[in-house]
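> File structure_5.cif below, mmCIF, C-alpha atoms:
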```
data_structure
#
loop_
_atom_site.group_PDB
_atom_site.id
_atom_site.type_symbol
_atom_site.label_atom_id
_atom_site.label_comp_id
_atom_site.auth_asym_id
_atom_site.auth_seq_id
_atom_site.Cartn_x
_atom_site.Cartn_y
_atom_site.Cartn_z
ATOM 1 C CA MET A 20 -39.186 -12.357 59.247
ATOM 2 C CA TRP A 21 -36.636 -9.947 57.827
ATOM 3 C CA CYS A 22 -33.316 -9.823 59.616
ATOM 4 C CA TYR A 23 -30.466 -7.412 58.961
ATOM 5 C CA ARG A 24 -27.002 -8.917 59.059
ATOM 6 C CA GLY A 25 -24.740 -5.937 58.928
ATOM 7 C CA GLY A 26 -20.985 -5.916 59.171
ATOM 8 C CA SER A 27 -18.865 -3.960 61.604
ATOM 9 C CA ILE A 28 -19.259 -0.188 61.610
ATOM 10 C CA SER A 29 -16.246 1.509 60.047
ATOM 11 C CA THR A 30 -14.409 4.028 62.222
ATOM 12 C CA GLU A 31 -12.342 5.438 59.356
ATOM 13 C CA PRO A 32 -13.160 8.931 58.100
ATOM 14 C CA ARG A 33 -14.954 9.475 54.795
ATOM 15 C CA ILE A 34 -12.738 10.559 51.921
ATOM 16 C CA ASN A 35 -13.247 12.015 48.437
ATOM 17 C CA ASP A 36 -16.467 10.759 46.762
ATOM 18 C CA ARG A 37 -17.713 9.168 49.997
ATOM 19 C CA ILE A 38 -18.370 12.608 51.469
ATOM 20 C CA ARG A 39 -22.101 13.379 50.931
ATOM 21 C CA VAL A 40 -22.682 17.002 51.948
ATOM 22 C CA PRO A 41 -23.311 20.112 49.820
ATOM 23 C CA GLU A 42 -20.462 22.169 51.302
ATOM 24 C CA VAL A 43 -17.495 21.764 53.646
ATOM 25 C CA ARG A 44 -15.156 23.890 55.731
ATOM 26 C CA LEU A 45 -11.868 23.292 53.931
ATOM 27 C CA VAL A 46 -8.381 23.188 55.449
ATOM 28 C CA GLY A 47 -5.403 23.348 53.086
ATOM 29 C CA PRO A 48 -2.417 20.943 52.939
ATOM 30 C CA SER A 49 -0.343 23.144 55.271
ATOM 31 C CA GLY A 50 -3.162 23.706 57.765
ATOM 32 C CA GLU A 51 -4.297 27.026 56.324
ATOM 33 C CA GLN A 52 -8.001 27.887 56.515
ATOM 34 C CA VAL A 53 -9.569 28.044 53.035
ATOM 35 C CA GLY A 54 -13.118 28.595 54.289
ATOM 36 C CA ILE A 55 -16.522 27.185 53.462
ATOM 37 C CA VAL A 56 -16.610 25.938 49.869
ATOM 38 C CA PRO A 57 -18.931 23.674 47.843
ATOM 39 C CA LEU A 58 -18.028 19.993 47.875
ATOM 40 C CA ALA A 59 -17.362 20.012 44.128
ATOM 41 C CA LYS A 60 -14.856 22.860 44.552
ATOM 42 C CA ALA A 61 -13.084 20.987 47.396
ATOM 43 C CA LEU A 62 -12.792 17.826 45.282
ATOM 44 C CA GLU A 63 -11.421 19.889 42.398
ATOM 45 C CA LEU A 64 -8.730 21.394 44.653
ATOM 46 C CA ALA A 65 -7.836 17.893 45.886
ATOM 47 C CA GLN A 66 -7.256 16.756 42.310
ATOM 48 C CA GLU A 67 -5.102 19.831 41.587
ATOM 49 C CA TYR A 68 -2.870 19.134 44.602
ATOM 50 C CA ASP A 69 -2.928 15.358 43.887
ATOM 51 C CA LEU A 70 -4.195 14.791 47.430
ATOM 52 C CA ASP A 71 -7.247 13.308 49.155
ATOM 53 C CA LEU A 72 -10.158 15.210 50.623
ATOM 54 C CA VAL A 73 -10.545 13.763 54.142
ATOM 55 C CA GLU A 74 -13.418 14.493 56.527
ATOM 56 C CA VAL A 75 -11.709 15.220 59.864
ATOM 57 C CA ALA A 76 -14.708 16.580 61.835
ATOM 58 C CA ALA A 77 -17.949 14.996 60.656
ATOM 59 C CA SER A 78 -20.044 16.402 63.535
ATOM 60 C CA ALA A 79 -19.270 20.034 62.688
ATOM 61 C CA ARG A 80 -21.711 22.110 60.648
ATOM 62 C CA PRO A 81 -20.570 22.180 57.930
ATOM 63 C CA PRO A 82 -18.154 19.225 58.266
ATOM 64 C CA VAL A 83 -14.443 20.067 58.357
ATOM 65 C CA CYS A 84 -12.355 18.494 55.577
ATOM 66 C CA LYS A 85 -8.618 18.634 54.978
ATOM 67 C CA LEU A 86 -6.434 18.101 51.915
ATOM 68 C CA MET A 87 -3.851 15.405 52.700
ATOM 69 C CA ASP A 88 -2.181 12.220 51.514
ATOM 70 C CA TYR A 89 -4.498 9.779 53.285
ATOM 71 C CA GLY A 90 -2.282 6.718 52.731
ATOM 72 C CA LYS A 91 0.713 8.471 54.290
ATOM 73 C CA PHE A 92 -1.465 9.758 57.127
ATOM 74 C CA LYS A 93 -2.676 6.239 57.976
ATOM 75 C CA TYR A 94 0.872 4.858 57.904
ATOM 76 C CA GLU A 95 2.213 7.575 60.228
ATOM 77 C CA SER A 96 -0.730 7.100 62.608
ATOM 78 C CA ALA A 97 -0.086 3.344 62.757
ATOM 79 C CA MET A 98 3.605 3.926 63.501
ATOM 80 C CA LYS A 99 2.780 6.378 66.312
ATOM 81 C CA ALA A 100 0.294 3.944 67.845
ATOM 82 C CA ARG A 101 2.844 1.130 67.654
ATOM 83 C CA GLU A 102 5.520 3.264 69.332
ATOM 84 C CA ALA A 103 3.052 4.291 72.054
ATOM 85 C CA ARG A 104 2.214 0.641 72.776
ATOM 86 C CA LYS A 105 5.908 -0.215 72.828
ATOM 87 C CA ASN A 106 6.634 2.423 75.489
ATOM 88 C CA GLN A 107 3.486 1.748 77.477
ATOM 89 C CA ALA A 108 4.226 0.535 80.987
ATOM 90 C CA HIS A 109 1.890 -1.886 82.757
ATOM 91 C CA THR A 110 2.038 -2.256 86.511
ATOM 92 C CA VAL A 111 2.778 -5.890 87.289
ATOM 93 C CA ILE A 112 2.824 -7.498 90.727
ATOM 94 C CA LYS A 113 5.027 -10.563 90.932
ATOM 95 C CA GLU A 114 4.705 -13.017 93.814
ATOM 96 C CA MET A 115 7.363 -14.944 95.667
ATOM 97 C CA LYS A 116 6.528 -17.521 98.359
ATOM 98 C CA LEU A 117 8.872 -18.450 101.201
ATOM 99 C CA ARG A 118 8.796 -20.655 104.281
ATOM 100 C CA PRO A 119 9.838 -19.427 107.762
ATOM 101 C CA LYS A 120 12.576 -22.105 107.974
ATOM 102 C CA ILE A 121 13.775 -21.734 104.397
ATOM 103 C CA ASP A 122 17.093 -23.277 103.401
ATOM 104 C CA PRO A 123 19.915 -20.721 102.852
ATOM 105 C CA HIS A 124 20.404 -21.820 99.230
ATOM 106 C CA ASP A 125 16.673 -21.523 98.512
ATOM 107 C CA TYR A 126 16.654 -18.101 100.154
ATOM 108 C CA ASP A 127 19.498 -16.882 97.931
ATOM 109 C CA THR A 128 17.742 -18.235 94.841
ATOM 110 C CA LYS A 129 14.441 -16.566 95.637
ATOM 111 C CA LYS A 130 16.149 -13.348 96.654
ATOM 112 C CA GLY A 131 17.759 -13.367 93.198
ATOM 113 C CA HIS A 132 14.307 -13.574 91.597
ATOM 114 C CA VAL A 133 13.090 -10.662 93.748
ATOM 115 C CA VAL A 134 16.120 -8.636 92.679
ATOM 116 C CA ARG A 135 15.368 -9.397 89.021
ATOM 117 C CA PHE A 136 11.719 -8.374 89.388
ATOM 118 C CA LEU A 137 12.634 -5.083 91.073
ATOM 119 C CA LYS A 138 15.226 -4.324 88.390
ATOM 120 C CA GLN A 139 12.469 -4.793 85.806
ATOM 121 C CA GLY A 140 10.399 -2.149 87.613
ATOM 122 C CA ASP A 141 7.783 -4.605 88.935
ATOM 123 C CA LYS A 142 6.285 -4.787 92.402
ATOM 124 C CA VAL A 143 6.860 -7.983 94.370
ATOM 125 C CA LYS A 144 4.418 -9.583 96.794
ATOM 126 C CA ILE A 145 6.300 -11.670 99.355
ATOM 127 C CA THR A 146 4.255 -14.393 101.060
ATOM 128 C CA ILE A 147 5.467 -16.333 104.094
ATOM 129 C CA MET A 148 3.566 -19.642 104.376
ATOM 130 C CA PHE A 149 3.128 -21.054 107.896
ATOM 131 C CA ARG A 150 2.416 -24.743 108.453
ATOM 132 C CA GLY A 151 1.563 -26.667 111.601
ATOM 133 C CA ARG A 152 3.177 -25.298 114.770
ATOM 134 C CA GLU A 153 4.874 -22.517 112.782
ATOM 135 C CA GLN A 154 1.612 -20.575 113.063
ATOM 136 C CA SER A 155 2.377 -19.932 116.732
ATOM 137 C CA ARG A 156 5.699 -18.256 115.769
ATOM 138 C CA PRO A 157 4.754 -15.329 113.486
ATOM 139 C CA GLU A 158 7.902 -13.490 114.530
ATOM 140 C CA LEU A 159 9.925 -15.943 112.395
ATOM 141 C CA GLY A 160 8.121 -14.778 109.256
ATOM 142 C CA TYR A 161 8.368 -11.122 110.268
ATOM 143 C CA ARG A 162 12.130 -11.351 110.762
ATOM 144 C CA LEU A 163 12.531 -13.129 107.423
ATOM 145 C CA LEU A 164 10.574 -10.401 105.607
ATOM 146 C CA GLN A 165 12.621 -7.678 107.283
ATOM 147 C CA ARG A 166 15.815 -9.487 106.308
ATOM 148 C CA LEU A 167 14.732 -9.732 102.668
ATOM 149 C CA ALA A 168 13.690 -6.076 102.581
ATOM 150 C CA SER A 169 17.088 -5.095 103.994
ATOM 151 C CA ASP A 170 18.927 -7.219 101.414
ATOM 152 C CA VAL A 171 17.181 -5.513 98.463
ATOM 153 C CA GLU A 172 16.836 -1.986 99.885
ATOM 154 C CA ASP A 173 19.033 -0.599 97.075
ATOM 155 C CA LEU A 174 16.456 -1.716 94.494
ATOM 156 C CA GLY A 175 13.132 -1.505 96.326
ATOM 157 C CA PHE A 176 11.279 -0.268 99.389
ATOM 158 C CA ILE A 177 8.534 -1.650 101.633
ATOM 159 C CA GLU A 178 5.305 -0.470 100.054
ATOM 160 C CA SER A 179 3.049 -2.522 102.328
ATOM 161 C CA ASN A 180 4.284 -3.540 105.775
ATOM 162 C CA PRO A 181 4.118 -7.209 106.812
ATOM 163 C CA LYS A 182 0.649 -8.259 107.926
ATOM 164 C CA GLN A 183 -0.964 -11.545 108.854
ATOM 165 C CA ASP A 184 -3.477 -12.993 106.388
ATOM 166 C CA GLY A 185 -4.827 -16.274 107.762
ATOM 167 C CA ARG A 186 -2.001 -18.815 107.735
ATOM 168 C CA ASN A 187 0.230 -16.510 105.668
ATOM 169 C CA MET A 188 2.128 -13.270 106.230
ATOM 170 C CA ILE A 189 2.318 -10.815 103.315
ATOM 171 C CA MET A 190 4.572 -7.887 102.446
ATOM 172 C CA VAL A 191 4.748 -5.857 99.210
ATOM 173 C CA LEU A 192 7.987 -4.382 97.863
ATOM 174 C CA GLY A 193 7.937 -1.505 95.384
ATOM 175 C CA PRO A 194 10.807 -0.697 92.976
ATOM 176 C CA HIS A 195 12.776 2.542 93.200
ATOM 177 C CA LYS A 196 13.024 2.538 89.392
ATOM 178 C CA LYS A 197 10.018 3.356 87.225
ATOM 179 C CA LYS A 198 8.778 0.739 84.771
ATOM 180 C CA THR A 199 9.525 2.941 81.744
ATOM 181 C CA GLU A 200 13.126 3.493 82.881
ATOM 182 C CA ALA A 201 13.611 -0.222 83.482
ATOM 183 C CA MET A 202 12.222 -1.039 80.021
ATOM 184 C CA ALA A 203 14.539 1.499 78.368
ATOM 185 C CA GLU A 204 17.586 0.112 80.181
ATOM 186 C CA ALA A 205 16.580 -3.449 79.298
ATOM 187 C CA ARG A 206 16.333 -2.541 75.597
ATOM 188 C CA GLU A 207 19.751 -0.875 75.702
ATOM 189 C CA ALA A 208 21.293 -3.899 77.430
ATOM 190 C CA GLN A 209 19.669 -6.253 74.926
ATOM 191 C CA ALA A 210 20.997 -4.202 72.013
ATOM 192 C CA ALA A 211 24.477 -4.198 73.564
ATOM 193 C CA ARG A 212 24.413 -7.990 74.047
ATOM 194 C CA LYS A 213 23.227 -8.481 70.487
ATOM 195 C CA ALA A 214 26.023 -6.298 69.124
ATOM 196 C CA GLU A 215 28.559 -8.166 71.238
ATOM 197 C CA ARG A 216 27.334 -11.555 70.001
ATOM 198 C CA GLN A 217 27.538 -10.380 66.403
ATOM 199 C CA GLY A 218 31.008 -8.865 66.815
ATOM 200 C CA VAL A 219 32.731 -11.480 68.931
ATOM 201 C CA ALA A 220 32.392 -15.274 68.531
ATOM 202 C CA LEU A 221 32.028 -17.173 71.770
ATOM 203 C CA THR A 222 34.936 -19.409 72.720
ATOM 204 C CA ASP A 223 35.543 -21.865 75.546
ATOM 205 C CA GLY A 224 35.942 -20.085 78.848
ATOM 206 C CA GLU A 225 33.843 -17.025 77.935
ATOM 207 C CA ALA A 226 30.664 -15.973 79.703
ATOM 208 C CA PRO A 227 27.601 -18.083 78.945
ATOM 209 C CA SER A 228 25.086 -16.839 76.427
ATOM 210 C CA GLU A 229 21.805 -15.171 77.327
ATOM 211 C CA ASP A 230 19.899 -18.351 76.485
ATOM 212 C CA ALA A 231 22.056 -20.333 78.888
ATOM 213 C CA GLU A 232 21.486 -17.760 81.642
ATOM 214 C CA LEU A 233 17.726 -17.885 81.144
ATOM 215 C CA LEU A 234 17.839 -21.694 81.179
ATOM 216 C CA ALA A 235 19.755 -21.619 84.450
ATOM 217 C CA GLU A 236 17.154 -19.278 85.946
ATOM 218 C CA ASP A 237 14.354 -21.606 84.876
ATOM 219 C CA VAL A 238 16.161 -24.542 86.515
ATOM 220 C CA ASP A 239 16.478 -22.554 89.750
ATOM 221 C CA ILE A 240 12.768 -21.702 89.686
ATOM 222 C CA GLU A 241 11.790 -25.334 89.096
ATOM 223 C CA ALA A 242 14.106 -26.455 91.902
ATOM 224 C CA ALA A 243 12.556 -23.928 94.281
ATOM 225 C CA GLU A 244 9.043 -25.071 93.370
ATOM 226 C CA VAL A 245 9.998 -28.715 93.948
ATOM 227 C CA SER A 246 11.484 -27.717 97.294
ATOM 228 C CA GLU A 247 8.200 -26.047 98.280
ATOM 229 C CA VAL A 248 6.213 -29.176 97.387
ATOM 230 C CA VAL A 249 8.588 -31.382 99.386
ATOM 231 C CA GLU A 250 8.395 -29.053 102.389
ATOM 232 C CA ALA A 251 4.600 -28.948 102.254
ATOM 233 C CA ALA A 252 4.425 -32.767 102.073
ATOM 234 C CA SER A 253 6.840 -33.067 105.005
ATOM 235 C CA ASP A 254 4.686 -30.703 107.079
ATOM 236 C CA GLU A 255 1.551 -32.712 106.348
ATOM 237 C CA VAL A 256 3.332 -35.898 107.439
ATOM 238 C CA ALA A 257 4.555 -34.166 110.612
ATOM 239 C CA GLU A 258 1.077 -32.874 111.438
ATOM 240 C CA ALA A 259 -0.375 -36.359 110.923
ATOM 241 C CA ALA A 260 2.313 -37.848 113.177
ATOM 242 C CA GLU A 261 1.549 -35.282 115.881
ATOM 243 C CA ALA A 262 -2.175 -35.977 115.688
ATOM 244 C CA ALA A 263 -1.804 -39.794 115.791
ATOM 245 C CA PRO A 264 -0.782 -40.119 119.496
ATOM 246 C CA GLU A 265 -3.606 -37.786 120.548
ATOM 247 C CA GLU A 266 -6.176 -39.856 118.649
ATOM 248 C CA ALA A 267 -4.798 -43.107 120.101
ATOM 249 C CA GLU A 268 -4.947 -41.707 123.654
ATOM 250 C CA ALA A 269 -8.528 -40.542 123.107
ATOM 251 C CA SER A 270 -9.544 -44.002 121.883
ATOM 252 C CA HIS A 271 -8.097 -45.670 125.046
ATOM 253 C CA GLU A 272 -9.897 -43.263 127.335
ATOM 254 C CA ALA A 273 -13.274 -43.918 125.633
ATOM 255 C CA PRO A 274 -15.426 -46.451 127.610
ATOM 256 C CA ALA A 275 -15.953 -49.831 126.011
ATOM 257 C CA GLU A 276 -19.411 -50.612 124.746
ATOM 258 C CA ALA A 277 -21.411 -53.186 126.708
#
```
Starting from the coordinates I provided, produce the structure as structure tokens.

Amino acid sequence: MWCYRGGSISTEPRINDRIRVPEVRLVGPSGEQVGIVPLAKALELAQEYDLDLVEVAASARPPVCKLMDYGKFKYESAMKAREARKNQAHTVIKEMKLRPKIDPHDYDTKKGHVVRFLKQGDKVKITIMFRGREQSRPELGYRLLQRLASDVEDLGFIESNPKQDGRNMIMVLGPHKKKTEAMAEAREAQAARKAERQGVALTDGEAPSEDAELLAEDVDIEAAEVSEVVEAASDEVAEAAEAAPEEAEASHEAPAEA
């Protein structure tokens, strides 16, 4: 049985001798309309101008071809696409989890992360996790969310009001600053820090480097995650301790088997 194993279909336009039509609608190097000419005449003009004959509209009848430097055209197109990707902004939703009875230090640490996310132009989903008897006190989570929203109101706003979702309460904060503006400011700040590092050598007593700041942030994040695990384990132990007396009482009340 015969089987065709073809390669990928090329999306690049046909140029010069690859164009297989009797005549083309020719466009000059400066965009001027030359008109419909035989293919041989178009190739001859391309050689005179030391340019390429590029098919820019293959579906037209006759196809539209232009005289251009194809190598330069491809390079400029690649640079434009790269710049467009560089400035492209993707909407990102970060998430931060808190407990209703969060420690003040942990609250300040996590609030700092929320501030950083909003400065970067990202949305932040705040989740309050209730455990055990905390589920009967949803007002604790609501007040905590309102407090956090008030603390960061200069950078963000409440995009989605607090609402209960099972054992959790969720609120979404949106940034005042657009993602593209935040990216531009971040690039400017990075360039300024780079210039400062190159111009001035760090000495004892100066501000820590960017790497040290990032390392400190990572340590804070890890500490917060460890704190969450410890709190969750403590809640499970507390729930088990609360359930133990009830189970023991039920076992005493049960009639003995004959």
> Mind pulling up the distance from atom CA of Lys196 of chain A to atom CA of Ala210 of chain A?
20.3 Å
> Using the chain letters and numbers from this file, what does the PyMOL selection byres ((chain A and resi 71) around 7) select? Give the answer as a VMD selection string.
chain A and resid 34 to 35 65 70 72 to 73 86 to 89
> On this file, the PyMOL selection byres ((chain A and resi 75) around 9) gives some set of residues; write that set as a tab-separated table (two decimals) with C-alpha atoms, in the coordinates of the input.

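Output below, filename out22.tsv:
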```tsv
chain	number	residue	atom	x	y	z
A	32	PRO	CA	-13.16	8.93	58.10
A	33	ARG	CA	-14.95	9.48	54.80
A	73	VAL	CA	-10.54	13.76	54.14
A	74	GLU	CA	-13.42	14.49	56.53
A	76	ALA	CA	-14.71	16.58	61.84
A	77	ALA	CA	-17.95	15.00	60.66
A	82	PRO	CA	-18.15	19.23	58.27
A	83	VAL	CA	-14.44	20.07	58.36
A	84	CYS	CA	-12.36	18.49	55.58
A	85	LYS	CA	-8.62	18.63	54.98
```
> My list of candidates is A:Val143, A:Ala61, A:Leu137, A:Val53. Which is closest to Val40 of chain A when distances are computed with only C-alpha atoms?
A:Ala61
> In Å, rounded to a single decimal, give me how far atom CA of Gly140 of chain A is from atom CA of Lys197 of chain A.
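We find that atom CA of Lys197 of chain A and atom CA of Gly140 of chain A lie 5.5 Å from each other.
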> So what do you get for atom CA of Glu42 of chain A versus atom CA of Glu95 of chain A, distance-wise?
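Answer for the atom CA of Glu42 of chain A to atom CA of Glu95 of chain A separation: 28.4 Å.
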> Calculated over all atoms listed in the file, which of the candidates A:Thr146, A:Thr128, A:Ser78, A:Gln209 has the smallest distance to Glu114 of chain A?
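Among the listed residues, the smallest separation from Glu114 of chain A belongs to A:Thr146.
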> Please identify all polymer residues lying at most 12 Å from the point (17.7, 5.0, 85.4) (file coordinates), using all atoms listed in the file, and present the result as a compact mmCIF listing (two decimals) with C-alpha atoms, keeping the file's coordinate frame.

```txt
# COMPACT_ATOMS: atom_id res chain seq x y z
CA LYS A 138 15.23 -4.32 88.39
CA GLN A 139 12.47 -4.79 85.81
CA GLY A 140 10.40 -2.15 87.61
CA LEU A 174 16.46 -1.72 94.49
CA PRO A 194 10.81 -0.70 92.98
CA HIS A 195 12.78 2.54 93.20
CA LYS A 196 13.02 2.54 89.39
CA LYS A 197 10.02 3.36 87.22
CA LYS A 198 8.78 0.74 84.77
CA THR A 199 9.52 2.94 81.74
CA GLU A 200 13.13 3.49 82.88
CA ALA A 201 13.61 -0.22 83.48
CA MET A 202 12.22 -1.04 80.02
CA ALA A 203 14.54 1.50 78.37
CA GLU A 204 17.59 0.11 80.18
CA ALA A 205 16.58 -3.45 79.30
CA GLU A 207 19.75 -0.88 75.70
```
> Applying the PyMOL selection byres ((chain A and resi 158) around 12) to the file I just gave you, which residues come out? Please list them as a list in words.
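Selected by the PyMOL selection byres ((chain A and resi 158) around 12) here: Pro119, Lys120, Ile147, Phe149, Glu153, Gln154, Ser155, Arg156, Pro157, Leu159, Gly160, Tyr161, Arg162, Leu163, Leu164, Gln165, Pro181, Lys182, Gln183 and Met188 of chain A.
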> Box along x, y and z, 5 Å on every side, all listed atoms of segment 36-41 of chain A inside: centre and edge lengths in Å to one decimal, as lines of an AutoDock Vina configuration file.

```
center_x = -19.9
center_y = 14.6
center_z = 49.4
size_x = 16.8
size_y = 20.9
size_z = 15.2
```
> May I ask which of the residues A:Glu51, A:Asp127, A:Asp170, A:Glu31 is the closest one to Phe92 of chain A, counting only C-alpha atoms?
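Under the stated criterion, the closest residue is A:Glu31.
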> Would you list the residues near (2.7, -11.6, 99.7), meaning any protein, DNA or RNA residue with an atom at most 6 Å from that point in file coordinates, counting all atoms listed in the file, as a VMD selection string?
chain A and resid 144 to 146 189 to 190
> I need the residues from that last selection saved to file as a PDB file, keeping the file's coordinate frame (with C-alpha atoms), if you can.

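Saved the output as out20.pdb:
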```pdb
ATOM      1  CA  LYS A 144       4.418  -9.583  96.794  1.00  0.00           C
ATOM      2  CA  ILE A 145       6.300 -11.670  99.355  1.00  0.00           C
ATOM      3  CA  THR A 146       4.255 -14.393 101.060  1.00  0.00           C
ATOM      4  CA  ILE A 189       2.318 -10.815 103.315  1.00  0.00           C
ATOM      5  CA  MET A 190       4.572  -7.887 102.446  1.00  0.00           C
TER       6      MET A 190
END
```
